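Visitor: Pasting query-v2.cif here (mmCIF, N, CA and C atoms):
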data_input
#
loop_
_atom_site.label_atom_id
_atom_site.label_comp_id
_atom_site.auth_asym_id
_atom_site.auth_seq_id
_atom_site.Cartn_x
_atom_site.Cartn_y
_atom_site.Cartn_z
N MET E 876 123.31 154.94 127.54
CA MET E 876 121.93 154.57 127.25
C MET E 876 121.75 154.28 125.77
N ARG E 877 122.36 155.12 124.94
CA ARG E 877 122.24 154.90 123.49
C ARG E 877 122.87 153.57 123.09
N SER E 878 124.00 153.25 123.67
CA SER E 878 124.66 152.00 123.31
C SER E 878 123.82 150.80 123.74
N LEU E 879 123.11 150.91 124.86
CA LEU E 879 122.24 149.83 125.31
C LEU E 879 121.08 149.64 124.33
N LEU E 880 120.47 150.75 123.90
CA LEU E 880 119.38 150.66 122.92
C LEU E 880 119.88 150.08 121.60
N PHE E 881 121.07 150.51 121.19
CA PHE E 881 121.65 149.99 119.96
C PHE E 881 121.89 148.49 120.06
N LEU E 882 122.45 148.06 121.18
CA LEU E 882 122.72 146.64 121.40
C LEU E 882 121.44 145.83 121.41
N LEU E 883 120.41 146.33 122.07
CA LEU E 883 119.12 145.63 122.10
C LEU E 883 118.50 145.54 120.71
N SER E 884 118.61 146.60 119.94
CA SER E 884 118.04 146.55 118.59
C SER E 884 118.80 145.56 117.71
N ILE E 885 120.11 145.47 117.86
CA ILE E 885 120.91 144.50 117.09
C ILE E 885 120.51 143.08 117.48
N ILE E 886 120.33 142.82 118.75
CA ILE E 886 119.92 141.49 119.21
C ILE E 886 118.55 141.13 118.66
N PHE E 887 117.63 142.09 118.68
CA PHE E 887 116.28 141.85 118.16
C PHE E 887 116.32 141.53 116.66
N ILE E 888 117.05 142.30 115.89
CA ILE E 888 117.15 142.09 114.45
C ILE E 888 117.79 140.74 114.15
N ALA E 889 118.83 140.39 114.88
CA ALA E 889 119.50 139.10 114.66
C ALA E 889 118.57 137.95 114.97
N SER E 890 117.78 138.07 116.03
CA SER E 890 116.87 136.98 116.37
C SER E 890 115.78 136.83 115.33
N GLN E 891 115.32 137.93 114.75
CA GLN E 891 114.31 137.87 113.70
C GLN E 891 114.89 137.26 112.43
N ALA E 892 116.12 137.57 112.12
CA ALA E 892 116.76 137.02 110.93
C ALA E 892 116.92 135.52 111.05
N CYS E 893 117.28 135.04 112.24
CA CYS E 893 117.45 133.60 112.45
C CYS E 893 116.12 132.88 112.34
N ALA E 894 115.07 133.49 112.83
CA ALA E 894 113.75 132.86 112.80
C ALA E 894 113.24 132.70 111.38
N GLN E 895 113.70 133.56 110.46
CA GLN E 895 113.22 133.49 109.09
C GLN E 895 113.86 132.35 108.30
N HIS E 896 114.83 131.69 108.86
CA HIS E 896 115.49 130.61 108.15
C HIS E 896 114.70 129.32 108.20
N GLU E 897 113.65 129.26 108.98
CA GLU E 897 112.84 128.05 109.06
C GLU E 897 111.56 128.28 108.27
N TYR E 898 111.22 127.31 107.42
CA TYR E 898 109.99 127.41 106.66
C TYR E 898 109.59 126.05 106.11
N LEU E 899 108.33 125.97 105.70
CA LEU E 899 107.81 124.79 105.04
C LEU E 899 107.72 125.07 103.55
N VAL E 900 108.01 124.06 102.75
CA VAL E 900 107.84 124.15 101.31
C VAL E 900 106.95 122.98 100.92
N ILE E 901 105.90 123.26 100.18
CA ILE E 901 104.95 122.22 99.79
C ILE E 901 104.53 122.47 98.35
N GLY E 902 104.32 121.38 97.60
CA GLY E 902 103.88 121.58 96.23
C GLY E 902 103.81 120.29 95.45
N LYS E 903 103.76 120.48 94.14
CA LYS E 903 103.69 119.34 93.22
C LYS E 903 104.36 119.73 91.91
N GLY E 904 104.74 118.71 91.14
CA GLY E 904 105.41 118.99 89.89
C GLY E 904 105.48 117.78 88.99
N GLY E 905 106.19 117.96 87.88
CA GLY E 905 106.40 116.88 86.95
C GLY E 905 105.47 116.94 85.75
N GLY E 906 105.22 115.76 85.20
CA GLY E 906 104.37 115.68 84.03
C GLY E 906 105.10 116.06 82.77
N PHE E 907 104.36 116.35 81.72
CA PHE E 907 104.92 116.67 80.42
C PHE E 907 105.81 117.91 80.46
N SER E 908 105.35 118.95 81.13
CA SER E 908 106.11 120.21 81.16
C SER E 908 107.24 120.19 82.19
N GLY E 909 107.08 119.40 83.24
CA GLY E 909 108.07 119.37 84.30
C GLY E 909 107.99 120.55 85.25
N GLU E 910 106.98 121.40 85.07
CA GLU E 910 106.85 122.60 85.91
C GLU E 910 106.46 122.24 87.34
N VAL E 911 106.97 123.02 88.27
CA VAL E 911 106.70 122.83 89.69
C VAL E 911 105.87 124.02 90.19
N LEU E 912 104.85 123.72 90.97
CA LEU E 912 104.07 124.73 91.68
C LEU E 912 104.34 124.50 93.16
N GLN E 913 104.83 125.52 93.85
CA GLN E 913 105.13 125.32 95.26
C GLN E 913 104.83 126.56 96.08
N TYR E 914 104.67 126.30 97.37
CA TYR E 914 104.37 127.33 98.36
C TYR E 914 105.45 127.29 99.43
N ARG E 915 105.81 128.46 99.92
CA ARG E 915 106.76 128.55 101.04
C ARG E 915 106.05 129.26 102.19
N ILE E 916 106.03 128.60 103.35
CA ILE E 916 105.28 129.10 104.50
C ILE E 916 106.26 129.37 105.64
N SER E 917 106.18 130.57 106.20
CA SER E 917 107.04 130.92 107.35
C SER E 917 106.27 130.65 108.64
N PRO E 918 106.98 130.51 109.75
CA PRO E 918 106.31 130.31 111.04
C PRO E 918 105.41 131.49 111.42
N GLY E 919 105.68 132.66 110.87
CA GLY E 919 104.88 133.84 111.16
C GLY E 919 103.61 133.93 110.32
N GLY E 920 103.46 133.03 109.34
CA GLY E 920 102.24 133.00 108.54
C GLY E 920 102.37 133.58 107.14
N LYS E 921 103.55 134.07 106.76
CA LYS E 921 103.72 134.56 105.39
C LYS E 921 103.75 133.36 104.45
N VAL E 922 103.04 133.48 103.33
CA VAL E 922 102.97 132.40 102.35
C VAL E 922 103.34 132.97 100.98
N TYR E 923 104.31 132.36 100.34
CA TYR E 923 104.69 132.74 98.98
C TYR E 923 104.31 131.60 98.04
N LYS E 924 103.79 131.97 96.88
CA LYS E 924 103.40 130.98 95.87
C LYS E 924 104.29 131.20 94.65
N GLY E 925 104.90 130.12 94.18
CA GLY E 925 105.79 130.25 93.05
C GLY E 925 105.72 129.07 92.11
N SER E 926 106.33 129.25 90.96
CA SER E 926 106.39 128.16 89.98
C SER E 926 107.65 128.31 89.15
N GLY E 927 107.96 127.26 88.42
CA GLY E 927 109.14 127.28 87.56
C GLY E 927 109.59 125.88 87.22
N LEU E 928 110.64 125.80 86.43
CA LEU E 928 111.20 124.51 86.06
C LEU E 928 112.35 124.14 86.99
N ALA E 929 113.41 124.89 86.97
CA ALA E 929 114.55 124.61 87.85
C ALA E 929 114.60 125.60 89.00
N ASP E 930 114.48 126.87 88.69
CA ASP E 930 114.50 127.91 89.70
C ASP E 930 113.08 128.41 89.94
N ILE E 931 112.62 128.26 91.16
CA ILE E 931 111.28 128.68 91.51
C ILE E 931 111.29 130.17 91.82
N ARG E 932 110.39 130.90 91.20
CA ARG E 932 110.25 132.34 91.46
C ARG E 932 108.90 132.55 92.13
N TYR E 933 108.97 133.06 93.34
CA TYR E 933 107.75 133.33 94.10
C TYR E 933 107.23 134.71 93.71
N ALA E 934 106.16 134.75 92.92
CA ALA E 934 105.61 136.00 92.41
C ALA E 934 104.35 136.43 93.15
N LEU E 935 103.81 135.56 94.02
CA LEU E 935 102.59 135.88 94.75
C LEU E 935 102.82 135.72 96.24
N LYS E 936 102.14 136.55 97.02
CA LYS E 936 102.30 136.52 98.47
C LYS E 936 100.94 136.58 99.14
N GLY E 937 100.80 135.79 100.21
CA GLY E 937 99.57 135.79 101.00
C GLY E 937 99.91 135.62 102.47
N LYS E 938 98.90 135.45 103.29
CA LYS E 938 99.12 135.36 104.74
C LYS E 938 98.09 134.42 105.34
N ILE E 939 98.54 133.63 106.32
CA ILE E 939 97.65 132.85 107.17
C ILE E 939 97.94 133.29 108.60
N LYS E 940 97.06 132.92 109.51
CA LYS E 940 97.28 133.29 110.91
C LYS E 940 98.54 132.61 111.43
N ARG E 941 99.24 133.32 112.30
CA ARG E 941 100.46 132.78 112.90
C ARG E 941 100.17 131.46 113.61
N SER E 942 99.03 131.38 114.30
CA SER E 942 98.67 130.15 115.02
C SER E 942 98.46 128.99 114.05
N GLU E 943 97.91 129.27 112.87
CA GLU E 943 97.74 128.22 111.86
C GLU E 943 99.10 127.75 111.34
N ALA E 944 99.99 128.70 111.11
CA ALA E 944 101.33 128.34 110.63
C ALA E 944 102.05 127.48 111.66
N ARG E 945 101.96 127.87 112.91
CA ARG E 945 102.63 127.08 113.96
C ARG E 945 102.07 125.67 114.02
N LYS E 946 100.75 125.53 113.82
CA LYS E 946 100.14 124.20 113.83
C LYS E 946 100.68 123.36 112.67
N LEU E 947 100.85 123.97 111.51
CA LEU E 947 101.41 123.24 110.36
C LEU E 947 102.82 122.74 110.67
N PHE E 948 103.63 123.57 111.33
CA PHE E 948 104.98 123.17 111.70
C PHE E 948 104.94 122.02 112.71
N LYS E 949 104.02 122.09 113.66
CA LYS E 949 103.89 121.01 114.65
C LYS E 949 103.43 119.72 113.98
N ASP E 950 102.52 119.83 113.02
CA ASP E 950 102.06 118.65 112.29
C ASP E 950 103.24 117.98 111.58
N MET E 951 104.10 118.78 110.97
CA MET E 951 105.28 118.22 110.30
C MET E 951 106.22 117.55 111.30
N ASP E 952 106.36 118.15 112.48
CA ASP E 952 107.23 117.56 113.50
C ASP E 952 106.69 116.25 114.04
N SER E 953 105.38 116.03 113.89
CA SER E 953 104.76 114.82 114.43
C SER E 953 105.03 113.58 113.58
N ILE E 954 105.49 113.76 112.35
CA ILE E 954 105.76 112.61 111.48
C ILE E 954 107.01 111.89 111.98
N GLN E 955 106.91 110.58 112.12
CA GLN E 955 108.01 109.80 112.69
C GLN E 955 109.17 109.62 111.71
N ASP E 956 108.87 109.39 110.45
CA ASP E 956 109.93 109.20 109.46
C ASP E 956 110.56 110.53 109.12
N SER E 957 111.87 110.55 108.95
CA SER E 957 112.54 111.81 108.63
C SER E 957 112.67 112.03 107.13
N THR E 958 112.43 110.99 106.33
CA THR E 958 112.54 111.15 104.89
C THR E 958 111.71 110.08 104.18
N PHE E 959 111.23 110.43 103.00
CA PHE E 959 110.53 109.51 102.11
C PHE E 959 110.76 110.05 100.71
N GLN E 960 111.53 109.34 99.90
CA GLN E 960 111.94 109.82 98.58
C GLN E 960 111.55 108.83 97.49
N HIS E 961 110.33 108.98 96.96
CA HIS E 961 109.88 108.11 95.87
C HIS E 961 109.04 108.91 94.88
N PRO E 962 109.69 109.87 94.18
CA PRO E 962 108.94 110.66 93.20
C PRO E 962 108.58 109.83 91.98
N GLY E 963 107.53 110.20 91.33
CA GLY E 963 107.13 109.59 90.06
C GLY E 963 107.16 110.65 88.98
N ASN E 964 106.55 110.33 87.83
CA ASN E 964 106.46 111.33 86.77
C ASN E 964 105.72 112.57 87.27
N LEU E 965 104.62 112.36 87.96
CA LEU E 965 103.93 113.42 88.71
C LEU E 965 104.27 113.19 90.17
N TYR E 966 104.67 114.20 90.86
CA TYR E 966 105.09 114.00 92.25
C TYR E 966 104.58 115.12 93.14
N TYR E 967 104.57 114.83 94.43
CA TYR E 967 104.13 115.76 95.47
C TYR E 967 105.23 115.82 96.52
N PHE E 968 105.33 116.94 97.20
CA PHE E 968 106.41 117.05 98.18
C PHE E 968 106.03 117.99 99.31
N ILE E 969 106.64 117.73 100.46
CA ILE E 969 106.60 118.60 101.63
C ILE E 969 108.02 118.62 102.20
N GLN E 970 108.50 119.79 102.51
CA GLN E 970 109.82 119.93 103.12
C GLN E 970 109.71 120.87 104.32
N LYS E 971 110.43 120.54 105.35
CA LYS E 971 110.61 121.48 106.46
C LYS E 971 112.09 121.80 106.49
N ILE E 972 112.38 123.06 106.27
CA ILE E 972 113.76 123.50 106.18
C ILE E 972 114.06 124.39 107.37
N GLY E 973 115.07 124.01 108.11
CA GLY E 973 115.50 124.79 109.27
C GLY E 973 116.96 125.14 109.13
N LYS E 974 117.46 125.89 110.11
CA LYS E 974 118.85 126.31 110.00
C LYS E 974 119.82 125.14 110.21
N ASP E 975 119.37 124.09 110.90
CA ASP E 975 120.26 122.96 111.16
C ASP E 975 119.88 121.68 110.43
N CYS E 976 118.66 121.63 109.86
CA CYS E 976 118.25 120.37 109.24
C CYS E 976 117.21 120.60 108.16
N LYS E 977 116.99 119.55 107.40
CA LYS E 977 115.99 119.57 106.35
C LYS E 977 115.28 118.22 106.37
N THR E 978 113.97 118.26 106.50
CA THR E 978 113.16 117.05 106.46
C THR E 978 112.37 117.10 105.16
N GLU E 979 112.41 116.01 104.40
CA GLU E 979 111.83 116.06 103.06
C GLU E 979 111.05 114.78 102.75
N TYR E 980 109.87 114.97 102.20
CA TYR E 980 109.01 113.86 101.78
C TYR E 980 108.59 114.12 100.34
N THR E 981 108.88 113.18 99.45
CA THR E 981 108.51 113.29 98.05
C THR E 981 107.91 111.96 97.63
N TRP E 982 106.74 112.01 96.99
CA TRP E 982 106.09 110.77 96.59
C TRP E 982 105.35 110.96 95.27
N GLY E 983 104.99 109.85 94.67
CA GLY E 983 104.27 109.86 93.40
C GLY E 983 104.49 108.57 92.63
N GLU E 984 105.57 107.87 92.94
CA GLU E 984 105.85 106.60 92.27
C GLU E 984 104.80 105.58 92.71
N ASN E 985 104.17 104.93 91.74
CA ASN E 985 103.06 104.01 92.03
C ASN E 985 103.46 102.82 92.88
N GLU E 986 104.70 102.38 92.78
CA GLU E 986 105.14 101.19 93.51
C GLU E 986 105.38 101.45 94.99
N PHE E 987 105.48 102.72 95.38
CA PHE E 987 105.75 103.06 96.77
C PHE E 987 104.64 103.99 97.27
N LYS E 988 103.88 103.51 98.21
CA LYS E 988 102.79 104.30 98.77
C LYS E 988 103.34 105.19 99.89
N ALA E 989 103.01 106.46 99.82
CA ALA E 989 103.43 107.39 100.86
C ALA E 989 102.66 107.09 102.15
N PRO E 990 103.29 107.28 103.29
CA PRO E 990 102.59 107.09 104.56
C PRO E 990 101.35 108.00 104.64
N GLU E 991 100.28 107.48 105.19
CA GLU E 991 99.03 108.24 105.29
C GLU E 991 99.20 109.54 106.05
N SER E 992 100.07 109.55 107.06
CA SER E 992 100.27 110.78 107.85
C SER E 992 100.79 111.91 106.96
N ILE E 993 101.69 111.59 106.04
CA ILE E 993 102.24 112.60 105.14
C ILE E 993 101.17 113.08 104.17
N LYS E 994 100.42 112.15 103.60
CA LYS E 994 99.38 112.54 102.64
C LYS E 994 98.28 113.37 103.31
N THR E 995 97.95 113.04 104.54
CA THR E 995 96.92 113.80 105.27
C THR E 995 97.39 115.22 105.54
N ILE E 996 98.63 115.38 105.99
CA ILE E 996 99.17 116.71 106.23
C ILE E 996 99.21 117.51 104.93
N TYR E 997 99.63 116.86 103.85
CA TYR E 997 99.67 117.53 102.54
C TYR E 997 98.28 118.04 102.16
N LYS E 998 97.28 117.18 102.27
CA LYS E 998 95.91 117.57 101.90
C LYS E 998 95.41 118.71 102.77
N ASN E 999 95.69 118.66 104.07
CA ASN E 999 95.25 119.72 104.98
C ASN E 999 95.90 121.06 104.64
N ILE E 1000 97.19 121.03 104.37
CA ILE E 1000 97.89 122.27 104.04
C ILE E 1000 97.39 122.83 102.72
N MET E 1001 97.27 121.98 101.71
CA MET E 1001 96.83 122.45 100.40
C MET E 1001 95.40 122.98 100.46
N SER E 1002 94.56 122.35 101.26
CA SER E 1002 93.19 122.83 101.44
C SER E 1002 93.19 124.23 102.03
N ARG E 1003 94.03 124.44 103.05
CA ARG E 1003 94.10 125.75 103.69
C ARG E 1003 94.67 126.79 102.73
N LEU E 1004 95.69 126.42 101.95
CA LEU E 1004 96.31 127.37 101.03
C LEU E 1004 95.37 127.76 99.89
N SER E 1005 94.41 126.90 99.57
CA SER E 1005 93.45 127.24 98.51
C SER E 1005 92.54 128.40 98.92
N GLU E 1006 92.48 128.70 100.21
CA GLU E 1006 91.65 129.79 100.72
C GLU E 1006 92.41 131.11 100.85
N VAL E 1007 93.72 131.08 100.64
CA VAL E 1007 94.54 132.28 100.82
C VAL E 1007 94.35 133.22 99.63
N ASP E 1008 94.23 134.51 99.93
CA ASP E 1008 94.13 135.53 98.91
C ASP E 1008 95.54 135.99 98.55
N PHE E 1009 96.06 135.52 97.42
CA PHE E 1009 97.41 135.86 97.01
C PHE E 1009 97.41 137.14 96.17
N LYS E 1010 98.43 137.95 96.41
CA LYS E 1010 98.60 139.19 95.68
C LYS E 1010 100.01 139.20 95.06
N PRO E 1011 100.17 139.83 93.89
CA PRO E 1011 101.50 139.88 93.28
C PRO E 1011 102.50 140.66 94.13
N VAL E 1012 103.73 140.21 94.13
CA VAL E 1012 104.81 140.94 94.79
C VAL E 1012 105.47 141.83 93.75
N LYS E 1013 106.08 142.94 94.21
CA LYS E 1013 106.71 143.87 93.28
C LYS E 1013 107.92 143.22 92.59
N THR E 1014 108.71 142.53 93.39
CA THR E 1014 109.88 141.85 92.86
C THR E 1014 109.81 140.38 93.26
N PRO E 1015 109.72 139.46 92.30
CA PRO E 1015 109.64 138.04 92.66
C PRO E 1015 110.83 137.58 93.52
N VAL E 1016 110.55 136.70 94.45
CA VAL E 1016 111.53 136.18 95.38
C VAL E 1016 111.97 134.81 94.91
N GLU E 1017 113.25 134.53 95.03
CA GLU E 1017 113.74 133.18 94.67
C GLU E 1017 114.08 132.41 95.90
#
What does the file become when written as structure tokens?
Guide:
Amino acid sequence: MRSLLFLLSIIFIASQACAQHEYLVIGKGGGFSGEVLQYRISPGGKVYKGSGLADIRYALKGKIKRSEARKLFKDMDSIQDSTFQHPGNLYYFIQKIGKDCKTEYTWGENEFKAPESIKTIYKNIMSRLSEVDFKPVKTPVE
């Protein structure tokens, strides 16, 4: 009986660890300082806010409803193009990172207009994140 409980707990922990490998990253950066402000959203609704130049350190943590997070992931899956890479001096980005793939959209270059679907999703996510109550984490996450 103990070995069965142990086996079930190992399976549960492994499945949770695999689920944490998928997340959305959204933000903006560039300009004179080159600093990036970005958010990392998990399917469970955990939201980390970070900034930096090369290495982003997530020093703030917040939460959205799991159902809202799932909707954001579905919205990203609805985009037909798998990539759009046209950053400018000031740029915006959305990434969906999974264990098997990475979908990335970066825009800001004036000569290349980002698809409206990407810009709409970006605005919706950023609007929702502006309502999140972020609190400092004890140890910043990279």
Visitor: Tell me, as a list in words, which residues lie within 8 Å of E:Met951, counting all atoms listed in the file; anything in the same chain fewer than 6 positions away does not count.
Guide: Arg945, Gln970, Lys971 and Ile996 of chain E
Visitor: Pick the closest to E:Ile931 from E:Val911, E:Ile916, E:Ala944, E:Ile954: which is it, counting only N, CA and C atoms?
Guide: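 Closest candidate: E:Val911.
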Visitor: Check what the PyMOL selection byres (((chain E and resi 989 and name CA) around 12) and name CA) selects in the file above and give those residues as a list in words.
Guide: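 On this input, the PyMOL selection byres (((chain E and resi 989 and name CA) around 12) and name CA) captures Asp956, Thr958, Phe959, Gln960, His961, Pro962, Gly963, Tyr966, Tyr967, Phe968, Ile969, Tyr980, Thr981, Trp982, Gly983, Glu984, Asn985, Glu986, Phe987, Lys988, Pro990, Glu991, Ser992, Ile993, Lys994, Thr995, Ile996 and Tyr997 of chain E.
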Visitor: Have a look at atom CA of E:Thr1014 and atom CA of E:Pro918 and let me know their distance in Å, one decimal.
Guide: 21.8 Å
Visitor: So what does the PyMOL selection byres (((chain E and resi 1001 and name CA) around 12) and name CA) actually pick up in this one, as a list in words?
Guide: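 Evaluating the PyMOL selection byres (((chain E and resi 1001 and name CA) around 12) and name CA) on these coordinates yields Val900, Ile901, Gly902, Lys903, Leu912, Gln913, Tyr914, Arg915, Ile916, Val922, Lys924, Leu947, Tyr967, Phe968, Ile969, Lys994, Thr995, Ile996, Tyr997, Lys998, Asn999, Ile1000, Ser1002, Arg1003, Leu1004, Ser1005, Glu1006 and Val1007 of chain E.
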Visitor: One number please: atom N of E:Glu1017 to atom N of E:Tyr898, in Å, one decimal.
Guide: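 Separating atom N of E:Glu1017 from atom N of E:Tyr898 is a distance of 14.5 Å.
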Visitor: Of the candidates E:Ser942, E:Asn964, E:Gln955, E:Thr978, which one gets nearest to E:Gly905 if we count all atoms listed in the file?
Guide: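 Of all the options, E:Asn964 lies closest to E:Gly905.
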Visitor: What is the distance, in Å and to one decimal place, between atom CA of E:Leu928 and atom CA of E:Asp975?
Guide: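 These atoms are spaced 26.7 Å apart.
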Visitor: Can you tell me which residues surround E:Pro1011 at a distance of at most 6.5 Å, considering all atoms listed in the file, apart from same-chain residues fewer than 2 positions away, and format the answer as a PyMOL selection string?
Guide: chain E and resi 934-936+1009+1013
Visitor: Would you please give, as a list in words, all residues of stretch 886-960 of chain E that DSSP assigns to alpha helix (DSSP H) based on the backbone?
Guide: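 For stretch 886-960 of chain E, the alpha helix (DSSP H) set is Ile886, Phe887, Ile888, Ala889, Ser890, Gln891, Ala892, Cys893, Ala894, Arg941, Ser942, Glu943, Ala944, Arg945, Lys946, Leu947, Phe948, Lys949, Asp950, Met951 and Asp952 of chain E.
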Visitor: Out of E:Pro1015, E:Lys940, E:Leu899, E:Phe907, which residue has the shortest atom-to-atom distance to E:Gly919 when counting all atoms listed in the file?
Guide: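 Smallest separation from E:Gly919 among the options: E:Lys940.
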Visitor: Would you return as a list in words the members of stretch 936-1012 of chain E that DSSP assigns to strand (DSSP E) on this structure's backbone?
Guide: Lys936, Gly937, Lys938, Thr958, Phe959, Gln960, His961, Leu965, Tyr966, Tyr967, Phe968, Ile969, Gln970, Lys971, Ile972, Lys977, Thr978, Glu979, Tyr980, Thr981, Trp982, Lys1010, Pro1011 and Val1012 of chain E
Visitor: Would you mind telling me which residue in E:Gly906, E:Val1012, E:His896, E:Glu943 lies nearest to E:Leu965 when using all atoms listed in the file?
Guide: E:Gly906
